[in-house]
$ cat work01.txt   # compact mmCIF, C-alpha atoms
# COMPACT_ATOMS: atom_id res chain seq x y z
CA MET A 4 -43.88 36.32 -105.83
CA PRO A 5 -42.68 34.06 -102.99
CA THR A 6 -42.13 36.25 -99.95
CA VAL A 7 -40.99 35.76 -96.36
CA THR A 8 -41.14 38.70 -93.97
CA ILE A 9 -38.73 38.88 -91.04
CA VAL A 10 -40.46 40.25 -87.95
CA SER A 11 -39.63 40.44 -84.24
CA GLU A 12 -41.90 38.57 -81.86
CA LEU A 13 -43.67 41.64 -80.44
CA PHE A 14 -44.82 42.73 -83.87
CA VAL A 15 -46.23 39.41 -85.10
CA PRO A 16 -49.89 40.40 -84.50
CA LEU A 17 -49.31 43.68 -86.37
CA ALA A 18 -47.67 41.84 -89.26
CA GLN A 19 -50.52 39.31 -89.42
CA MET A 20 -53.25 41.95 -89.43
CA GLU A 21 -51.37 44.04 -91.96
CA ALA A 22 -50.89 41.02 -94.23
CA THR A 23 -54.58 40.16 -93.92
CA SER A 24 -55.62 43.71 -94.76
CA PHE A 25 -53.59 43.46 -97.98
CA GLY A 26 -55.29 40.13 -98.84
CA LEU A 27 -52.30 37.95 -97.88
CA PRO A 28 -53.48 36.19 -94.72
CA HIS A 29 -51.02 33.34 -95.25
CA LEU A 30 -47.92 35.51 -95.68
CA ARG A 31 -44.99 33.58 -94.22
CA LEU A 32 -43.23 35.20 -91.29
CA ALA A 33 -39.75 34.41 -90.03
CA VAL A 34 -39.83 35.41 -86.37
CA VAL A 35 -36.86 36.72 -84.36
CA PRO A 36 -36.83 37.52 -80.63
CA HIS A 37 -37.62 41.04 -79.43
CA PRO A 38 -36.02 43.55 -78.98
CA VAL A 39 -33.52 43.31 -81.81
CA ALA A 40 -31.66 46.51 -80.92
CA THR A 41 -30.07 45.33 -77.68
CA TYR A 42 -28.33 42.22 -79.03
CA SER A 43 -24.71 42.09 -80.11
CA ASP A 44 -23.59 41.67 -83.68
CA ALA A 45 -22.51 38.09 -82.89
CA GLU A 46 -25.93 37.21 -81.50
CA LEU A 47 -27.64 38.76 -84.50
CA GLN A 48 -25.41 36.75 -86.85
CA GLU A 49 -26.44 33.63 -84.98
CA TRP A 50 -30.13 34.47 -85.30
CA GLY A 51 -29.61 35.15 -88.98
CA ARG A 52 -28.09 31.72 -89.49
CA GLY A 53 -30.99 30.18 -87.59
CA LEU A 54 -33.46 31.88 -89.91
CA VAL A 55 -31.93 30.74 -93.16
CA GLU A 56 -33.79 27.45 -93.17
CA ALA A 57 -37.15 29.09 -92.42
CA ILE A 58 -36.59 31.69 -95.13
CA VAL A 59 -35.44 29.25 -97.79
CA GLY A 60 -38.22 26.85 -96.82
CA GLY A 61 -40.80 29.61 -97.00
CA LEU A 62 -39.59 30.82 -100.39
CA SER A 63 -39.51 27.39 -101.96
CA GLN A 64 -42.84 26.07 -100.68
CA VAL B 2 -71.14 52.17 -87.05
CA THR B 3 -68.55 50.07 -88.77
CA ASP B 4 -65.22 51.23 -90.03
CA HIS B 5 -66.11 51.65 -93.63
CA VAL B 6 -69.59 50.35 -94.48
CA SER B 7 -71.57 53.48 -95.08
CA GLU B 8 -75.10 52.17 -94.48
CA ASP B 9 -74.08 51.14 -90.97
CA ALA B 10 -72.49 54.46 -90.10
CA TRP B 11 -75.09 55.37 -87.55
CA ILE B 12 -77.15 53.67 -84.89
CA GLU B 13 -80.84 53.89 -84.10
CA SER B 14 -81.70 56.73 -81.74
CA THR B 15 -83.56 54.26 -79.53
CA VAL B 16 -80.33 52.56 -78.47
CA GLU B 17 -79.70 53.40 -74.84
CA PHE B 18 -76.54 55.29 -73.93
CA ASP B 19 -75.22 52.53 -71.65
CA GLU B 20 -76.05 49.83 -74.16
CA PHE B 21 -74.06 51.69 -76.80
CA GLN B 22 -71.01 51.96 -74.52
CA GLN B 23 -70.94 48.20 -74.11
CA ALA B 24 -71.51 47.61 -77.82
CA ALA B 25 -68.61 49.95 -78.62
CA LEU B 26 -66.30 48.18 -76.17
CA ASP B 27 -67.28 44.83 -77.67
CA ARG B 28 -66.16 46.10 -81.07
CA GLY B 29 -62.92 47.53 -79.74
CA TRP B 30 -63.83 51.15 -80.44
CA GLY B 31 -62.66 54.15 -78.54
CA ASP B 32 -60.16 55.24 -75.92
CA GLY B 33 -61.84 53.97 -72.76
CA LEU B 34 -63.86 57.13 -72.13
CA PRO B 35 -67.60 57.18 -72.86
CA LEU B 36 -68.53 57.82 -76.49
CA VAL B 37 -71.44 59.90 -77.76
CA PRO B 38 -73.78 57.49 -79.61
CA PRO B 39 -73.54 58.34 -83.33
CA THR B 40 -77.22 58.43 -84.19
CA ARG B 41 -78.26 59.22 -87.75
CA ASP B 42 -79.40 62.71 -86.80
CA ARG B 43 -76.11 63.50 -85.13
CA VAL B 44 -73.96 62.10 -87.94
CA GLU B 45 -75.94 63.99 -90.59
CA ALA B 46 -75.71 67.20 -88.61
CA MET B 47 -71.97 66.66 -88.26
CA LEU B 48 -71.60 66.20 -92.02
CA GLY B 49 -73.52 69.40 -92.75
CA ALA B 50 -72.30 70.71 -96.09
CA TYR B 51 -70.32 67.52 -96.60
CA LEU B 52 -73.48 65.35 -96.70
CA GLU B 53 -73.37 65.00 -100.49
CA ARG B 54 -69.78 63.77 -100.27
CA ALA B 55 -70.49 61.34 -97.43
CA ASP B 56 -69.11 58.27 -99.19
CA GLU B 57 -66.07 60.03 -100.64
CA SER B 58 -62.77 59.02 -99.09
CA ILE B 59 -60.43 61.55 -97.49
CA GLY B 60 -57.63 58.99 -97.51
CA ALA B 61 -56.57 55.52 -96.42
CA VAL B 62 -55.66 55.16 -92.74
CA ALA B 63 -52.70 52.95 -91.82
CA PRO B 64 -52.06 50.24 -90.78
CA LEU B 65 -55.26 48.57 -92.03
CA TRP B 66 -55.51 51.11 -94.88
CA ASN B 67 -59.28 51.37 -94.53
CA GLN B 68 -60.75 54.35 -96.36
CA ALA B 69 -61.74 57.26 -94.10
CA THR B 70 -64.92 58.52 -95.76
CA TYR B 71 -66.49 61.79 -94.68
CA LEU B 72 -69.29 59.65 -93.24
CA SER B 73 -67.08 57.42 -91.12
CA VAL B 74 -65.03 60.43 -89.99
CA ALA B 75 -68.25 62.25 -89.04
CA ALA B 76 -69.38 59.23 -86.98
CA ASN B 77 -66.08 59.33 -85.11
CA ALA B 78 -66.36 63.10 -84.62
CA VAL B 79 -69.80 62.55 -83.06
CA MET B 80 -68.41 59.83 -80.79
CA ALA B 81 -65.58 62.17 -79.74
CA GLY B 82 -68.06 64.86 -78.70
CA CYS B 83 -67.45 67.33 -81.54
CA ALA B 84 -69.94 69.99 -82.59
CA PRO B 85 -70.62 70.33 -86.36
CA ALA B 86 -68.52 73.54 -86.40
CA HIS B 87 -65.48 71.42 -85.59
CA PHE B 88 -65.91 69.00 -88.49
CA PRO B 89 -63.95 70.92 -91.18
CA VAL B 90 -60.93 70.92 -88.82
CA VAL B 91 -61.28 67.19 -88.13
CA ALA B 92 -61.59 66.41 -91.86
CA ALA B 93 -58.46 68.45 -92.62
CA ALA B 94 -56.57 66.71 -89.83
CA VAL B 95 -57.54 63.33 -91.31
CA GLU B 96 -56.30 64.50 -94.70
CA ALA B 97 -52.99 65.46 -93.06
CA VAL B 98 -52.43 62.13 -91.29
CA THR B 99 -53.08 60.17 -94.48
CA GLN B 100 -50.20 61.88 -96.30
CA PRO B 101 -47.31 59.41 -96.65
CA GLN B 102 -44.61 61.74 -95.25
CA LEU B 103 -46.38 61.77 -91.87
CA ASN B 104 -45.63 58.04 -91.54
CA LEU B 105 -48.84 57.10 -89.73
CA TYR B 106 -47.96 53.47 -90.35
CA GLY B 107 -44.88 53.85 -88.15
CA ILE B 108 -46.75 55.92 -85.58
CA GLN B 109 -49.58 53.43 -85.15
CA GLY B 110 -47.53 50.35 -84.39
CA THR B 111 -44.48 51.68 -82.57
CA THR B 112 -43.38 51.15 -78.96
CA SER B 113 -42.83 54.95 -78.78
CA PRO B 114 -45.53 56.98 -77.03
CA VAL B 115 -46.11 59.21 -80.06
CA THR B 116 -49.41 60.95 -80.82
CA THR B 117 -50.86 63.10 -83.61
CA ALA B 118 -51.06 66.76 -82.51
CA VAL B 119 -53.34 69.14 -84.40
CA ILE B 120 -52.20 72.77 -84.58
CA VAL B 121 -54.87 75.09 -85.98
CA ASN B 122 -54.17 78.38 -87.78
CA GLY B 123 -56.29 81.07 -89.41
CA PRO B 124 -59.87 82.31 -89.07
CA ILE B 125 -61.33 78.81 -88.47
CA ARG B 126 -59.95 79.06 -84.92
CA ALA B 127 -62.57 81.66 -84.04
CA LYS B 128 -65.37 79.97 -86.00
CA ALA B 129 -64.75 76.56 -84.45
CA GLY B 130 -63.87 77.93 -81.02
CA VAL B 131 -60.35 76.49 -81.03
CA HIS B 132 -58.50 78.03 -78.10
CA SER B 133 -54.92 79.26 -78.45
CA GLY B 134 -54.39 81.29 -75.26
CA GLN B 135 -54.05 80.46 -71.57
CA GLY B 136 -54.03 76.69 -71.03
CA ALA B 137 -54.71 75.90 -74.69
CA MET B 138 -52.83 72.62 -74.58
CA GLY B 139 -54.71 71.54 -71.45
CA PRO B 140 -58.30 70.76 -70.51
CA GLY B 141 -61.36 72.99 -70.59
CA TRP B 142 -61.83 73.79 -74.24
CA ARG B 143 -64.42 71.71 -76.05
CA ALA B 144 -63.09 72.25 -79.58
CA ASN B 145 -59.51 71.45 -78.59
CA ALA B 146 -60.52 68.39 -76.58
CA THR B 147 -62.91 66.89 -79.10
CA ILE B 148 -61.05 67.67 -82.35
CA GLY B 149 -57.92 66.06 -80.97
CA ARG B 150 -59.92 63.09 -79.72
CA ALA B 151 -61.81 62.70 -83.00
CA LEU B 152 -58.55 62.35 -84.92
CA ARG B 153 -57.34 59.70 -82.48
CA LEU B 154 -60.62 57.78 -82.81
CA VAL B 155 -60.24 57.85 -86.60
CA THR B 156 -56.74 56.40 -86.37
CA TRP B 157 -57.94 53.65 -84.03
CA ASN B 158 -61.43 52.81 -85.29
CA ILE B 159 -60.74 53.20 -89.01
CA GLY B 160 -56.97 52.69 -89.17
CA GLY B 161 -56.90 49.83 -86.68
CA GLY B 162 -54.12 51.22 -84.44
CA ARG B 163 -56.30 50.58 -81.43
CA PRO B 164 -54.92 50.37 -77.92
CA THR B 165 -53.83 46.89 -76.95
CA VAL B 166 -56.44 46.38 -74.24
CA LEU B 167 -59.32 46.96 -76.63
CA GLY B 168 -57.81 44.53 -79.07
CA VAL B 169 -57.49 41.92 -76.35
CA SER B 170 -61.16 42.27 -75.47
CA LEU B 171 -61.89 41.44 -79.11
CA GLY B 172 -59.62 38.46 -79.09
CA LYS B 173 -57.35 40.37 -81.47
CA PRO B 174 -54.25 42.02 -80.05
CA GLY B 175 -54.09 45.76 -80.59
CA MET B 176 -51.63 47.38 -82.93
CA ASP B 177 -50.71 50.28 -80.67
CA MET B 178 -47.56 48.86 -79.13
CA ALA B 179 -46.64 51.96 -77.06
CA THR B 180 -44.62 50.78 -74.06
CA GLN B 181 -46.22 53.26 -71.63
CA GLY B 182 -48.18 55.61 -73.86
CA PHE B 183 -48.62 59.33 -73.26
CA PRO B 184 -51.70 61.34 -72.13
CA GLY B 185 -51.40 63.29 -75.39
CA LYS B 186 -52.57 60.15 -77.17
CA TYR B 187 -56.14 60.78 -75.94
CA GLY B 188 -56.12 63.82 -78.15
CA PHE B 189 -53.90 66.86 -78.74
CA CYS B 190 -55.24 69.99 -80.41
CA ALA B 191 -54.52 73.70 -79.92
CA GLY B 192 -54.65 76.87 -81.96
CA GLU B 193 -51.58 78.96 -82.56
CA ASN B 194 -51.85 82.28 -80.70
CA GLU B 195 -51.46 84.38 -83.84
CA GLU B 196 -52.94 87.48 -82.19
CA GLU B 197 -50.16 87.63 -79.61
CA SER B 198 -47.36 86.22 -81.69
CA PRO B 199 -44.81 88.70 -83.06
CA TRP B 200 -44.02 86.35 -85.96
CA GLU B 201 -45.78 85.06 -89.07
CA PRO B 202 -48.10 82.14 -88.19
CA LEU B 203 -47.03 78.57 -88.92
CA HIS B 204 -49.34 78.16 -91.92
CA VAL B 205 -48.01 81.38 -93.49
CA GLU B 206 -44.47 80.12 -93.00
CA ARG B 207 -45.62 77.04 -94.95
CA GLY B 208 -47.02 78.92 -97.93
CA PHE B 209 -50.62 79.77 -97.02
CA ALA B 210 -52.13 83.25 -96.85
CA PRO B 211 -52.88 84.75 -93.41
CA GLU B 212 -56.62 84.65 -94.22
CA ASP B 213 -56.47 80.94 -95.07
CA SER B 214 -57.29 78.37 -92.42
CA ALA B 215 -55.01 75.39 -92.07
CA VAL B 216 -54.14 72.55 -89.75
CA THR B 217 -50.69 71.18 -89.16
CA VAL B 218 -50.36 67.70 -87.72
CA LEU B 219 -47.08 67.03 -85.99
CA CYS B 220 -46.12 63.94 -84.03
CA PRO B 221 -44.80 64.61 -80.51
CA ASP B 222 -43.98 61.75 -78.16
CA SER B 223 -43.88 63.92 -75.04
CA SER B 224 -44.52 67.40 -73.73
CA GLY B 225 -41.80 68.85 -71.53
CA ASP B 226 -42.22 72.04 -69.54
CA PHE B 227 -39.49 74.67 -69.92
CA ARG B 228 -39.56 77.19 -67.10
CA ASP B 229 -37.39 80.11 -68.11
CA VAL B 230 -37.19 81.85 -64.75
CA ALA B 231 -33.71 83.34 -64.85
CA SER B 232 -33.03 84.61 -68.38
CA GLN B 233 -32.56 88.37 -68.64
CA ASN B 234 -32.39 88.69 -72.41
CA SER B 235 -33.04 86.82 -75.65
CA GLU B 236 -29.64 85.23 -75.88
CA GLU B 237 -29.90 83.80 -72.37
CA THR B 238 -33.33 82.40 -73.20
CA LEU B 239 -32.04 80.75 -76.36
CA ILE B 240 -29.03 79.25 -74.59
CA CYS B 241 -31.46 77.67 -72.10
CA VAL B 242 -33.76 76.44 -74.89
CA ALA B 243 -30.82 74.83 -76.68
CA GLU B 244 -29.63 73.15 -73.47
CA THR B 245 -33.13 71.74 -72.92
CA MET B 246 -33.54 70.43 -76.45
CA LYS B 247 -30.28 68.55 -76.74
CA SER B 248 -31.02 65.67 -74.38
CA TRP B 249 -30.01 62.10 -75.11
CA GLY B 250 -32.64 59.45 -75.76
CA THR B 251 -35.11 61.54 -77.72
CA ALA B 252 -36.14 60.40 -81.19
CA ASN B 253 -34.84 63.75 -82.45
CA MET B 254 -31.30 63.10 -81.26
CA LEU B 255 -31.31 59.41 -82.21
CA TYR B 256 -32.84 59.72 -85.67
CA GLY B 257 -32.81 63.42 -86.54
CA SER B 258 -36.52 64.16 -86.88
CA GLU B 259 -38.34 67.50 -86.50
CA PRO B 260 -38.08 68.99 -82.99
CA ALA B 261 -40.92 71.37 -82.18
CA TRP B 262 -40.80 74.16 -79.61
CA VAL B 263 -43.67 76.17 -78.16
CA PHE B 264 -42.94 79.68 -76.88
CA SER B 265 -45.37 81.63 -74.72
CA PRO B 266 -46.34 85.03 -76.16
CA GLU B 267 -44.15 86.74 -73.53
CA GLN B 268 -41.10 84.75 -74.52
CA ALA B 269 -41.78 85.22 -78.24
CA LYS B 270 -42.11 88.99 -77.82
CA LEU B 271 -38.88 89.17 -75.82
CA LEU B 272 -37.07 87.39 -78.64
CA ALA B 273 -38.71 89.38 -81.45
CA ASN B 274 -38.09 92.70 -79.67
CA GLU B 275 -34.40 91.90 -79.66
CA GLY B 276 -34.49 91.21 -83.39
CA TRP B 277 -34.92 87.45 -83.61
CA SER B 278 -37.03 86.03 -86.46
CA LYS B 279 -38.17 82.40 -86.44
CA LYS B 280 -35.55 81.68 -89.08
CA ASP B 281 -32.81 83.20 -86.88
CA ILE B 282 -33.94 81.08 -83.94
CA LYS B 283 -33.90 77.90 -86.00
CA ARG B 284 -30.38 78.65 -87.19
CA TYR B 285 -29.26 79.39 -83.63
CA LEU B 286 -30.79 76.17 -82.28
CA PHE B 287 -29.24 74.14 -85.06
CA GLU B 288 -25.82 75.48 -84.09
CA HIS B 289 -26.30 75.30 -80.31
CA ALA B 290 -28.70 72.45 -79.49
CA ARG B 291 -25.82 70.01 -79.81
CA LEU B 292 -24.78 67.18 -77.57
CA ASP B 293 -21.28 66.04 -76.70
CA LEU B 294 -21.54 62.28 -77.23
CA THR B 295 -18.03 61.56 -75.91
CA THR B 296 -19.41 61.07 -72.38
CA LEU B 297 -21.91 58.46 -73.59
CA PRO B 298 -21.26 54.72 -73.91
CA ARG B 299 -19.67 53.58 -77.15
CA SER B 300 -22.80 51.62 -78.06
CA SER B 301 -24.79 54.88 -77.98
CA GLN B 302 -22.21 56.71 -80.07
CA ARG B 303 -22.26 53.91 -82.62
CA TYR B 304 -26.06 53.89 -82.75
CA VAL B 305 -26.21 57.54 -83.78
CA ARG B 306 -23.28 57.16 -86.16
CA VAL B 307 -25.17 54.40 -87.98
CA ARG B 308 -28.57 56.17 -87.93
CA ARG B 309 -27.37 59.66 -88.87
CA PRO B 310 -24.18 59.07 -90.85
CA ASP B 311 -24.41 62.28 -92.87
CA HIS B 312 -24.73 64.49 -89.80
CA PHE B 313 -22.58 62.65 -87.30
CA ASP B 314 -20.33 64.81 -85.13
CA LEU B 315 -19.14 62.99 -82.01
CA SER B 316 -18.49 66.02 -79.84
CA ASP B 317 -21.11 68.33 -81.36
CA MET B 318 -24.13 66.26 -82.42
CA PRO B 319 -27.04 68.41 -83.67
CA VAL B 320 -30.56 67.58 -82.43
CA CYS B 321 -31.84 67.50 -86.02
CA ASN B 322 -30.41 67.47 -89.54
CA ALA B 323 -31.12 71.02 -90.75
CA PRO B 324 -32.28 74.39 -89.32
CA GLU B 325 -35.55 74.15 -91.29
CA ASP B 326 -36.44 70.91 -89.49
CA PHE B 327 -37.35 72.87 -86.34
CA THR B 328 -40.98 73.91 -85.87
CA ILE B 329 -41.49 77.07 -83.80
CA LEU B 330 -44.96 77.71 -82.36
CA VAL B 331 -46.52 80.40 -80.17
CA ILE B 332 -49.28 78.97 -77.96
CA GLY B 333 -50.59 79.89 -74.54
CA GLY B 334 -51.15 82.89 -72.32
CA GLN B 335 -49.27 84.72 -69.60
CA GLY B 336 -46.15 83.17 -68.14
CA ILE B 337 -42.59 82.32 -69.03
CA HIS B 338 -43.21 78.65 -69.74
CA GLY B 339 -42.26 77.04 -73.02
CA VAL B 340 -42.89 73.48 -74.18
CA ASN B 341 -40.33 71.08 -75.59
CA LEU B 342 -42.03 68.74 -78.06
CA SER B 343 -39.71 65.98 -79.14
CA THR B 344 -41.13 64.29 -82.22
CA PHE B 345 -41.21 60.78 -83.62
CA SER B 346 -38.51 59.40 -85.87
CA GLY B 347 -39.30 59.35 -89.55
CA ALA B 348 -42.42 61.50 -89.22
CA ARG B 349 -42.65 64.78 -91.10
CA SER B 350 -45.35 67.24 -90.05
CA VAL B 351 -48.00 68.03 -92.65
CA THR B 352 -49.97 71.26 -93.17
CA VAL B 353 -53.25 71.24 -95.13
CA ARG B 354 -55.91 73.82 -95.85
CA VAL B 355 -59.20 73.66 -93.92
CA LEU B 356 -62.09 73.70 -96.37
CA GLU B 357 -65.09 75.56 -95.05
CA GLY B 358 -68.72 75.70 -96.09
CA PRO B 359 -70.25 73.74 -98.97
CA VAL B 360 -67.37 72.04 -100.71
CA LEU B 361 -68.30 70.26 -103.90
CA PRO B 362 -65.81 68.41 -106.06

$ encode --input "work01.txt" --output "structure tokens"
Amino acid sequence: MPTVTIVSELFVPLAQMEATSFGLPHLRLAVVPHPVATYSDAELQEWGRGLVEAIVGGLSQ
Amino acid sequence: VTDHVSEDAWIESTVEFDEFQQAALDRGWGDGLPLVPPTRDRVEAMLGAYLERADESIGAVAPLWNQATYLSVAANAVMAGCAPAHFPVVAAAVEAVTQPQLNLYGIQGTTSPVTTAVIVNGPIRAKAGVHSGQGAMGPGWRANATIGRALRLVTWNIGGGRPTVLGVSLGKPGMDMATQGFPGKYGFCAGENEEESPWEPLHVERGFAPEDSAVTVLCPDSSGDFRDVASQNSEETLICVAETMKSWGTANMLYGSEPAWVFSPEQAKLLANEGWSKKDIKRYLFEHARLDLTTLPRSSQRYVRVRRPDHFDLSDMPVCNAPEDFTILVIGGQGIHGVNLSTFSGARSVTVRVLEGPVLP
């Protein structure tokens, strides 16, 4: 099943090792800045819009 | 020793101590302190009655989900400095941390400084030499120090949640993302002082018989001293406990996890003599360990409202979601000190039986 995982920058190594340990070393990651919690709703909306292309691209590759 | 390849789970006894330390560092093992070389003789002695089950898995350890076999756990117990008498406790603690409700996956990769604390109940305390009296949560007790450390080594060496620095030396970043960490992450193990406690022990509260041995793993992210110097009676003590517990910024308050509280025997007896059971105390703390959020910034109020919608009360926010979410422990010796153990979000403590002697499937 095509999958893209959204992950904040700090946790990219964790996500990569986790994906590898489940046999999915090429799992596509859509990366957002860290930390997510301190940004405003408006900023998060903006990030979300910026990710759409990466997510759609990843799912349709 | 490798994480999960059984034939490599010991080293030759001719390997020099210093050489082994470097080899371990090169592989990203350990906590920075010297490790006891896990020679075949030592690992087999550690396994003892478990030797026939060496390749059997106790459970999969997050976040790499490698299997913790009795053999690989024994190798880590040797490295931690355990004696064979400690191994049944270590094995039970590993079983506890591999239960899904403990959320080891979250614990291993978080920026929180959370650790896995092993609380030991029942007759195994005496057999393994686990100390529960004066200074039991501090240094000086081999069983406490090495059992706690062995569990941490299992989570790092088998589960892969190794400290960042060791990962960097491997060219692979670590998965332990703790912002500062916490000394309790080196290892945290103590017995409950059942002999001096006026109440039923923790494992009995959780359905075991008094003569059973059990370990409970809970997940504190700090250890705060509570010096109850002024209280003259049980109610005054409990008011002070509630005031201490209800602080802003703890995972308990933000997410509603399982706050744990350690009473000294003196404090516990004072409370019990005035008629308080553990259940009464939990109910009292649920009603009184509450924070008025109106003085906090709106962003903080909103955060809790979103995270704990079913329990949100702006002017009277409880530190957890139900009275039974509190864990009450009696540990330590003389003195009027208690310990406030705030615990990690989304982690539920787990109690499992300690299997002793030859245990065949």

$ atom_distance --input "work01.txt" --atom1 "atom CA of Ser224 of chain B" --atom2 "atom CA of Ser343 of chain B"
7.4 Å

$ atom_distance --input "work01.txt" --atom1 "atom CA of Asp44 of chain A" --atom2 "atom CA of Ala57 of chain A"
20.5 Å

$ closest_residue --input "work01.txt" --among "B:Met176, B:Leu52, B:Cys241, B:Ala323" --to "chain A" --atoms "all atoms listed in the file"
B:Met176

$ interface_residues --input "work01.txt" --of "chain B" --to "chain A" --cutoff "10 Å" --atoms "all atoms listed in the file" --output "number ranges by chain"
B: 63-67, 109-112, 161-162, 173-178, 300, 304

$ atom_distance --input "work01.txt" --atom1 "atom CA of Thr296 of chain B" --atom2 "atom CA of Asp317 of chain B"
11.7 Å

$ closest_residue --input "work01.txt" --among "A:Pro5, A:Gly60, A:Val55, A:Glu12" --to "His29 of chain A" --atoms "all atoms listed in the file"
A:Pro5

$ residues_around --input "work01.txt" --residues "Cys220 of chain B" --least-positions-apart "2" --cutoff "9 Å" --atoms "all atoms listed in the file" --output "list of chain:residue names"
B:Leu103, B:Ile108, B:Val115, B:Thr116, B:Thr117, B:Ala118, B:Val119, B:Val218, B:Asp222, B:Glu259, B:Leu342, B:Ser343, B:Thr344, B:Phe345, B:Ala348, B:Arg349, B:Ser350

$ axis_aligned_box --input "work01.txt" --around "segment 55-60 of chain A" --padding-each-side "4 Å" --output "lines of an AutoDock Vina configuration file"
center_x = -35.1
center_y = 29.3
center_z = -95.1
size_x = 14.3
size_y = 12.8
size_z = 13.4
